[in-house]
There are 2 protein chains.
Amino acid sequence: MSILVIGSVAFDSVETPFGKVEDILGGSATYFSTSASFFTDVNLVAVVGEDFPDDHLDFLRSRNIDLSGLQTMPGETFRWKGRYGYDLNEAQTLETHLNVFESFRPELPENYRDAEYVFLANIDPELQLEVLKQVKNPQLVACDTMNFWIEGKRDALLKTLPHVDILIINDAEARQLADEPNVIKAARKILTFGPKTLVVKRGEYGALMVSEHAVFSAPAYPLESVFDPTGAGDTFAGGFIGYLASTRNQSEACLRQAIVFGSVMASFTVEDFSLNRLRLLNSSEIEERFRTFKLLTHFDDL
Amino acid sequence: MSILVIGSVAFDSVETPFGKVEDILGGSATYFSTSASFFTDVNLVAVVGEDFPDDHLDFLRSRNIDLSGLQTMPGETFRWKGRYGYDLNEAQTLETHLNVFESFRPELPENYRDAEYVFLANIDPELQLEVLKQVKNPQLVACDTMNFWIEGKRDALLKTLPHVDILIINDAEARQLADEPNVIKAARKILTFGPKTLVVKRGEYGALMVSEHAVFSAPAYPLESVFDPTGAGDTFAGGFIGYLASTRNQSEACLRQAIVFGSVMASFTVEDFSLNRLRLLNSSEIEERFRTFKLLTHFDDL
């Protein structure tokens, strides 16, 4: 089962306490697709400028990612520049240049319109809805967003959310969206906005999945060296939705395993800059780390 | 198997967004003892002033806590005043009056000196060591500390730690003690200071237990209303050590269950001011919440 993803393909410049890189491959759709590609096929919708190099395209194609929805437009590719301090929990954005993304109006290729699994990465909620309207009969729609849209395009976001099955956002975003400091109360409120399931990403503390009848708490992998957290959230979403699409099952049990696969994938991404770690990853490493998550959380019944 | 605890018995004045109370029963030894008393007998070592009311003593006795090590001295009982904001994660200390605690030199009653399980609550590390020297042959020594001692009495703390089996501190304290921002690396370093096991309390994110060969991650209970976090850490330690003492077993499996019992007990304490929730608690509620923790974290193997 293939997944349709709309998001950014970008150049990132990143500074962490451990190093500094410029104009490396990044973007929400890039991280999501690469991560999901370990589980299923991916159809990517995004835009790049004429400066985007062929070897990045070749890498995405090598992961079996369909690029027929990736437009190339005159101008420069989206660029983001950020810096992390020692706690690595939050990026300080230094520069954002939307470039070709500014005038991007996604038009889905015909073969994308039958998509059953859709991931709307963190872009303007109006664009998210525009894309969704072009998909004939989606079975599962997942969506990310951020403080910028929660503040600046709240109405548009609240129009998009009723079409979303699973919202995947971080702690602070959940609290802000619900205007409620308690994350569980915030989750309950967000479920009234449309999504059936809320996944709260908590960085080094893992993830929380809340639906009407269940709460699931998954830890993050206890890494001794987090090198660069950029892309961790989109990689998480890629593993999560990728696994769900591969099983074609949305039971609570599958959703929980999917959360763990998301956490597994994110734990690899943060071990190096850009997609460097994912480039070297294989499926036995993924399964091994899944088992380590089981050991990490297991305790005996009474 | 009974536990010896040394710590504070105090009057707390607390302000949270949900209410305000003055001179209510508090103190590390109070929370620890009450929590542990659901699992085993407790011998308490502490000091109070002449202003300490009999009904508080009666409550502690009603929990089968041995008070022969509780001294009453001329003067006033230790008082703490603090305030929490909406995130409830960190208390802002407004006032601390050590009062009778200032000149407290603990002298263990004879019947306490055979203690096999010892909890050194968060007090001056010199006092912790002084108490420990009076215990003949302790089988398990657990210890708490805080930023104040890590900064101000680091040498004394580093002299106490080689006698400690399990150190129970929070995230920020672990990072500060090890001078290392990554919590797993910090844990590895702290294990070289003496303790065989480090338990890192992470508030609403749960707890992490690190020993040489294993890492265990437990979530916090996803409460919709946290009323007052005061005493949560000591209540956690009480459930943790209380359960361990009741089983007389220190296997990894028991340590993990003990962490969950600690989390269970803490989740009750924060539901009300002071020890109000623990006063009403019964063991079937404890077991029921343990099972809910299991449901909260369970996912299927591959």
# chains A, B, ... in the order shown; residues from 1 in each chain; ligands from 1
>>> interface_residues(of="chain A", to="chain B", cutoff="7 Å", atoms="only C-alpha atoms", output="list in words")
Tyr86, Asp87, Pro181, Asn182, Ile184, Lys185, Tyr205, Val215, Phe216, Ser217, Ala218, Pro219, Pro222, Leu223, Glu224, Ala253, Arg256, Gln257, Leu296, Thr297, Phe299 and Asp300 of chain A
>>> write_last_selection(atoms="C-alpha atoms", output="compact mmCIF listing (two decimals), in the first residue's frame")
# COMPACT_ATOMS: atom_id res chain seq x y z
CA TYR A 86 23.38 21.47 24.36
CA ASP A 87 19.93 20.31 25.40
CA PRO A 181 -1.61 23.23 29.88
CA ASN A 182 -2.41 19.61 30.83
CA ILE A 184 -4.11 14.79 28.45
CA LYS A 185 -6.85 17.38 28.75
CA TYR A 205 10.72 11.68 26.31
CA VAL A 215 -3.71 6.08 25.92
CA PHE A 216 -0.37 4.61 24.89
CA SER A 217 2.95 5.90 26.14
CA ALA A 218 6.18 5.01 24.32
CA PRO A 219 9.62 6.12 25.46
CA PRO A 222 17.92 6.20 25.28
CA LEU A 223 20.69 7.38 22.98
CA GLU A 224 24.08 8.23 24.41
CA ALA A 253 -2.36 -3.08 18.53
CA ARG A 256 0.99 0.92 19.03
CA GLN A 257 3.54 -1.08 17.07
CA LEU A 296 13.36 -1.06 27.48
CA THR A 297 9.71 -0.91 28.50
CA PHE A 299 7.84 -5.16 33.21
CA ASP A 300 6.10 -8.21 34.62
>>> residues_around(residues="segment 273-285 of chain A", least_positions_apart="5", cutoff="7 Å", atoms="only C-alpha atoms", output="list of chain:residue names")
A:Ile24, A:Leu25, A:Gly26, A:Phe227, A:Asp228, A:Phe268
>>> write_last_selection(atoms="N, CA and C atoms", output="PDB file, in the first residue's frame")
ATOM      1  N   ILE A  24      22.664  20.973   3.300  1.00  0.00           N
ATOM      2  CA  ILE A  24      22.530  19.523   3.193  1.00  0.00           C
ATOM      3  C   ILE A  24      21.066  19.183   2.898  1.00  0.00           C
ATOM      4  N   LEU A  25      20.839  17.968   2.417  1.00  0.00           N
ATOM      5  CA  LEU A  25      19.483  17.536   2.076  1.00  0.00           C
ATOM      6  C   LEU A  25      18.608  17.501   3.321  1.00  0.00           C
ATOM      7  N   GLY A  26      17.432  18.139   3.233  1.00  0.00           N
ATOM      8  CA  GLY A  26      16.498  18.149   4.347  1.00  0.00           C
ATOM      9  C   GLY A  26      15.078  18.306   3.841  1.00  0.00           C
ATOM     10  N   PHE A 227      23.078  13.510  17.813  1.00  0.00           N
ATOM     11  CA  PHE A 227      23.985  14.348  17.043  1.00  0.00           C
ATOM     12  C   PHE A 227      23.252  15.549  16.466  1.00  0.00           C
ATOM     13  N   ASP A 228      22.091  15.293  15.857  1.00  0.00           N
ATOM     14  CA  ASP A 228      21.310  16.372  15.227  1.00  0.00           C
ATOM     15  C   ASP A 228      19.843  15.966  15.170  1.00  0.00           C
ATOM     16  N   PHE A 268      17.296   6.545  14.815  1.00  0.00           N
ATOM     17  CA  PHE A 268      18.419   6.441  13.882  1.00  0.00           C
ATOM     18  C   PHE A 268      18.758   7.808  13.278  1.00  0.00           C
TER      19      PHE A 268
END
>>> closest_residue(among="A:Gln134, A:Gln92, A:Thr247, A:Asn122", to="Val14 of chain A", atoms="only C-alpha atoms")
A:Gln92
>>> closest_atom_pairs(of="segment 211-298 of chain A", to="segment 167-175 of chain A", cutoff="12 Å", atoms="only C-alpha atoms", output="Markdown table")
| residue | atom | partner | partner_atom | distance |
| --- | --- | --- | --- | --- |
| A:Ser211 | CA | A:Leu167 | CA | 10.7 |
| A:Ala232 | CA | A:Asn170 | CA | 11.4 |
| A:Gly233 | CA | A:Ile169 | CA | 8.3 |
| A:Asp234 | CA | A:Ile168 | CA | 9.4 |
| A:Thr235 | CA | A:Ile168 | CA | 11.8 |
| A:Phe236 | CA | A:Ile168 | CA | 9.5 |
| A:Ala237 | CA | A:Ile168 | CA | 7.4 |
| A:Gly238 | CA | A:Ile168 | CA | 11.0 |
| A:Phe240 | CA | A:Ile168 | CA | 10.0 |
| A:Ile241 | CA | A:Ile168 | CA | 10.5 |
| A:Ile259 | CA | A:Ile168 | CA | 10.8 |
| A:Gly262 | CA | A:Ile168 | CA | 11.3 |
>>> write_last_selection(atoms="C-alpha atoms", output="short mmCIF file (atom, residue, chain, number, x, y, z; two decimals), in the first residue's frame")
data_model
loop_
_atom_site.label_atom_id
_atom_site.label_comp_id
_atom_site.auth_asym_id
_atom_site.auth_seq_id
_atom_site.Cartn_x
_atom_site.Cartn_y
_atom_site.Cartn_z
CA SER A 211 -7.70 8.18 21.28
CA ALA A 232 13.28 13.46 13.88
CA GLY A 233 9.55 14.30 13.90
CA ASP A 234 9.05 13.66 10.17
CA THR A 235 11.12 10.49 10.35
CA PHE A 236 8.91 9.38 13.25
CA ALA A 237 5.79 10.06 11.16
CA GLY A 238 7.34 8.15 8.24
CA PHE A 240 4.53 5.35 11.95
CA ILE A 241 2.45 5.76 8.77
CA ILE A 259 4.38 4.28 17.23
CA GLY A 262 8.23 5.63 14.36
#
>>> closest_residue(among="A:Trp149, A:Phe119, A:Phe18, A:Tyr112", to="Gly69 of chain A", atoms="only C-alpha atoms")
A:Tyr112
>>> select_by_dssp(residues="segment 39-288 of chain A", states="helix (DSSP H, G or I)", output="number ranges by chain")
A: 54-62, 99-103, 110-112, 125-133, 147-152, 154-163, 171-178, 183-191, 203-205, 232-247, 252-269, 276-280, 283-288
>>> atom_distance(atom1="atom CA of Leu157 of chain A", atom2="atom CA of Leu108 of chain A")
21.0 Å
>>> residues_around(residues="segment 47-51 of chain B", least_positions_apart="5", cutoff="10 Å", atoms="only C-alpha atoms", output="PyMOL selection string")
chain B and resi 6-11+69-78+99-106
>>> write_last_selection(atoms="C-alpha atoms", output="compact mmCIF listing (two decimals), in the first residue's frame")
# COMPACT_ATOMS: atom_id res chain seq x y z
CA ILE B 6 15.86 9.75 57.50
CA GLY B 7 14.47 13.01 56.16
CA SER B 8 12.25 15.93 56.99
CA VAL B 9 8.88 16.15 58.66
CA ALA B 10 7.59 19.60 57.86
CA PHE B 11 4.87 22.15 57.47
CA GLY B 69 13.34 7.87 65.98
CA LEU B 70 11.27 11.06 65.67
CA GLN B 71 12.72 13.63 68.06
CA THR B 72 10.77 16.57 69.38
CA MET B 73 13.00 19.58 70.07
CA PRO B 74 12.35 23.02 71.55
CA GLY B 75 11.48 25.45 68.77
CA GLU B 76 9.50 25.34 65.56
CA THR B 77 9.11 22.58 62.97
CA PHE B 78 10.81 22.89 59.56
CA ASN B 99 14.13 25.76 62.43
CA VAL B 100 14.73 22.65 64.59
CA PHE B 101 16.28 20.89 61.60
CA GLU B 102 19.26 23.26 61.74
CA SER B 103 20.81 21.65 64.81
CA PHE B 104 19.49 18.14 64.18
CA ARG B 105 22.07 15.40 64.76
CA PRO B 106 20.29 12.10 64.26
>>> select_by_dssp(residues="segment 8-245 of chain A", states="strand (DSSP E or B)", output="VMD selection string")
chain A and resid 10 to 16 19 to 26 42 to 49 65 to 73 79 to 84 91 to 97 117 to 120 140 to 143 166 to 170 197 to 201 207 to 211 215 to 218
>>> atom_distance(atom1="atom CA of Lys136 of chain B", atom2="atom CA of Asp114 of chain B")
5.7 Å
